[in-house]
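Here's the structure, in structure tokens; my notes come after.
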Amino acid sequence: MPRQITLQEWDQRYEQLRKAGPHQPDYNGPLGRHVEDGDTRLLKLRYDNSAAALRLWNFLLTEEERLHRSRAEGKKLVGTMKDLGTVPVMAYSLDNIAAFYPDGAWWIPCVMESNTVLLRIADRLGIDESFCPVRAMLGAFLTGGHFPIPDLLICSVGATCDDFSAIAQRLNGLGYAILWWEIPHRRRPEPDEVEVKLPGGFQAPRCQVEFVKSELQRLKTALEELAGQRLDEKKLSAGIKKANMVRTLLAELRKLVFTAKLSPLPALEMLIAEMLAIHFCSDQNETIIVLKDLLEEVKARIKAGIGFLSPDVARIFWVNPVADLQVMNLLEDCGGRICGTEYLFTHALDTIPQDLPPTEALAQMALADPMAGSSIDRAGRICTDIRTFGAEALVISRIPGASHCALEGQVIGEIVQDKLDIPVVELEVPPFTDSMRPTLRTRLEALVETVRVRREK
Amino acid sequence: MKTIIYTCPYVPAELIAAHGLHPSRLMPAALRSTGPLAQIEGLCPFVHSFINEVMTGPPQADTCGVVVTTVCDQMRRAFDILIRRCDLPAFLMNVPHTWQSVAAQKMYVDELKRLSRFLIQLGGEPFLNDTLARVMLDYDAARASILAAGSYLSARQCAESIAAFGRDGPGKVLRNQTNTKPLIAGVPLAIVGGPLVKQDLDIFDIVEQSGGQITLDATESGERGLCPPFDRRRIRDDPLIELASAYFNGIPDASRRPNSELYNWLKRQLIGRAVRGIIFRRYVWCDTWHAELWRLKEWTDLPVLDIDAGGDSETHQHRMPNRIRSFLEMLS
């Protein structure tokens, strides 16, 4: 039966699974071993009890080892910062490059609680708590203890958050070379301009697509130099096809999980699964296997009519990822379940067009980034997805110190309320929510209660 | 004449003026947390004040449009607020953060052309190259005279002249600006940071009263935000390209990626003005400038005084003069 279990329970269950004898990937093992590495937050989370979920967690928590192994095998490492889903597709089209997101370090302070010096290093560099938790990335670079220093660092700027751009510039000022590329603010075409309909439904003028294509061309040249091989259209098309396998699996997973009568997979595991789309956790092939496992598990649960929570829990759409993973458990404790998400990278979930020249397709994809355009456009997409998944309320989760969070919440909240007339709550989630847990709980419970009252009317 | 308001230094006033419109660079009177847009945690006080000033009705009654840019993420998002809650037509100009590629420079030129179409929609006349060239020369001469006036005007007067130039254009610049008091050579300081509000000009007085003198106004609303002199030959060849080149390549800023040109410019200016200390003026929640504070401290041997402005707090207003005095005592 699907159940959410503690880490200790998982370690006992792991032994049972191991003895039962199914094939285990080399990175699998008891989750408890990661606590010994300092990931103490894991002790406070509740996990799905399936083998597929175990594989997902182990895959996530062994990324650093994988990157070291890639380097030892002679692969070049590329740190892709900020674009959330475009450059890794290019990088993984080359067989001797592994790409990862140094930005992912933003979860280290949460996962390691006070066992890490990363935030203290960021403080010492003048990047204090008024910045987004992604400032932990600075400490990760300086200690070299959380990921190998990449051979090439690429960072998108322009229509991105100022906090990340400023932190990346700080890193650059410390002597880390960065290849900057520009993603312009996506705007709607003017009457005399040629319109391009982007994957996901946004529009942009042709000139912006051409501009991004020229930027991607610069990146392509840099990747080719690093790899010592051409990144021709054939390779890029194959890379897009493979990325689309990940996106297709995730699309099916999202649809099944968000619309099932009983929740077949908890919010926490879904958050981790969605994150795989942006850089494949440094192994594209394994990402596909991990997602297939999850999908099989979900299908089996739906077929058997089993799942988590009761069928009448409040169906919540969640905007922005949480800095503290525990909040995903908390939502379920409060009587809610996730039915739709917008974790800043919907463009990495939409299928990349395969009927277009590959650079054109990737340029369109990059411009479809919800954060590259206006919050008004983003709100429109959120409304569409809320309707698709049948969510009954919206949570806008603020990331402390993130430049986009100050104004976007108002715009998104107002538009969603105007168009859909559903309750909206905006709350801030720092990397450790322990001290504010009662407040968060109260607010989420109030939201759930509001949903229930509205059902009765 | 209809007025177009803006605040970003990468908006070329000359282009607006060449359409027969009056460009007016908005410098909010003070940091205000009250107004149509309520106080929001995480919002830069300057952006907040700008939005509120535009929404409550800018100083010029004939204002017909507002131009904001993508230089700062919060200002980019302020555009969403303005177009939803304000009747004033608004234009969001894409200013690339990267500057070393031809494509980025071309995008800036294309954005100027798009701005031109917006201005025409608001009643501006299509600009002629001759008109633009003439306007550029007028502005260039005004900027040169403001910079030259630094030898006989006080630092505050210079800052006010730059603000007046931004607000009114070159016609009235330096008119009636004389210094009745002899300039007292104090400890030479630079002020570095983003844009100031009018109330911040008191900093220049406080510095003088404390025995110092701002010899370099490297704020966005000061000398650093002025585009460099135009090349007259290139104005004749293609004024729009020269205008774009001067603005896009000539204004160093913390937001550029990389922002090495800011430090190159600062190095030249700090040495040239024999600066002995730096006042670093930043807004709480302005990540772009905040992140530069420690880098600047590591980069320079000069002492740096960090003055963060969090809004309209009285504590801040009382604390700031004392901190400047202490800083100057240390330098004296």
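For the structure tokens, the naming scheme is as follows: chains receive sequential letters (A, B, ...) according to their order of presentation, residues are indexed from 1 within each chain, and ligands are indexed from 1 in presentation order.
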*asked:* If the cut-off is 7 Å, can you tell me the residues of chain A near chain B, counting only C-alpha atoms? I'd like them as a PyMOL selection string.
replied: chain A and resi 125-127+130-131+157-158+160-163+166-167+169-170+180-182+184-185+211+374-376+401+403-404+406-407
Write a file of the selected residues as a PDB file, in the first residue's frame, keeping C-alpha atoms.
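Listing of out08.pdb after writing:
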```pdb
ATOM      1  CA  LEU A 125      31.572  37.755   0.488  1.00  0.00           C
ATOM      2  CA  GLY A 126      28.929  40.376   1.179  1.00  0.00           C
ATOM      3  CA  ILE A 127      26.048  38.287  -0.158  1.00  0.00           C
ATOM      4  CA  SER A 130      18.791  39.703   1.828  1.00  0.00           C
ATOM      5  CA  PHE A 131      19.658  37.641  -1.274  1.00  0.00           C
ATOM      6  CA  VAL A 157      21.296  37.240 -18.110  1.00  0.00           C
ATOM      7  CA  GLY A 158      18.887  39.915 -19.246  1.00  0.00           C
ATOM      8  CA  THR A 160      16.455  37.032 -15.266  1.00  0.00           C
ATOM      9  CA  CYS A 161      16.415  37.713 -11.530  1.00  0.00           C
ATOM     10  CA  ASP A 162      18.796  40.422 -10.369  1.00  0.00           C
ATOM     11  CA  ASP A 163      19.765  38.435  -7.299  1.00  0.00           C
ATOM     12  CA  ALA A 166      24.440  39.756  -9.107  1.00  0.00           C
ATOM     13  CA  ILE A 167      25.659  36.593  -7.393  1.00  0.00           C
ATOM     14  CA  GLN A 169      28.784  38.565 -11.258  1.00  0.00           C
ATOM     15  CA  ARG A 170      30.263  38.288  -7.767  1.00  0.00           C
ATOM     16  CA  TRP A 180      27.301  35.312 -20.429  1.00  0.00           C
ATOM     17  CA  TRP A 181      24.445  35.089 -22.837  1.00  0.00           C
ATOM     18  CA  GLU A 182      21.433  37.294 -23.188  1.00  0.00           C
ATOM     19  CA  PRO A 184      15.735  39.365 -23.738  1.00  0.00           C
ATOM     20  CA  HIS A 185      12.507  40.217 -21.986  1.00  0.00           C
ATOM     21  CA  PHE A 211      18.400  37.238 -31.464  1.00  0.00           C
ATOM     22  CA  SER A 374       5.774  39.520 -17.958  1.00  0.00           C
ATOM     23  CA  SER A 375       4.028  38.260 -14.835  1.00  0.00           C
ATOM     24  CA  ILE A 376       0.797  38.911 -16.729  1.00  0.00           C
ATOM     25  CA  GLY A 401      15.291  37.793  -1.388  1.00  0.00           C
ATOM     26  CA  SER A 403      13.959  40.029  -7.026  1.00  0.00           C
ATOM     27  CA  HIS A 404      10.951  38.687  -8.929  1.00  0.00           C
ATOM     28  CA  ALA A 406       8.296  41.378  -4.668  1.00  0.00           C
ATOM     29  CA  LEU A 407       5.894  42.327  -7.447  1.00  0.00           C
TER      30      LEU A 407
END
```
_Nearest residue to Ile149 of chain A from the set A:Cys339, A:Ala251, A:Leu440, A:Leu67 (distances using only C-alpha atoms)_ = A:Leu67
*Please identify all polymer residues within 10 Å of Arg234 of chain B, counting only C-alpha atoms, omitting same-chain residues fewer than 6 positions from it, and present them as a count of residues only.*
5
*If you run DSSP over the backbone, which residues in segment 30-235 of chain A end up strand (DSSP E or B)? Put them as an MDAnalysis selection string.*
chainID A and resid 47:48 76:81 97:100 152:158 179:183 195:197 203:205
*What residues in segment 1-92 of chain A get the DSSP label alpha helix (DSSP H)? Please answer as an MDAnalysis selection string.*
chainID A and resid 7:20 32:36 51:61 63:72 87:91
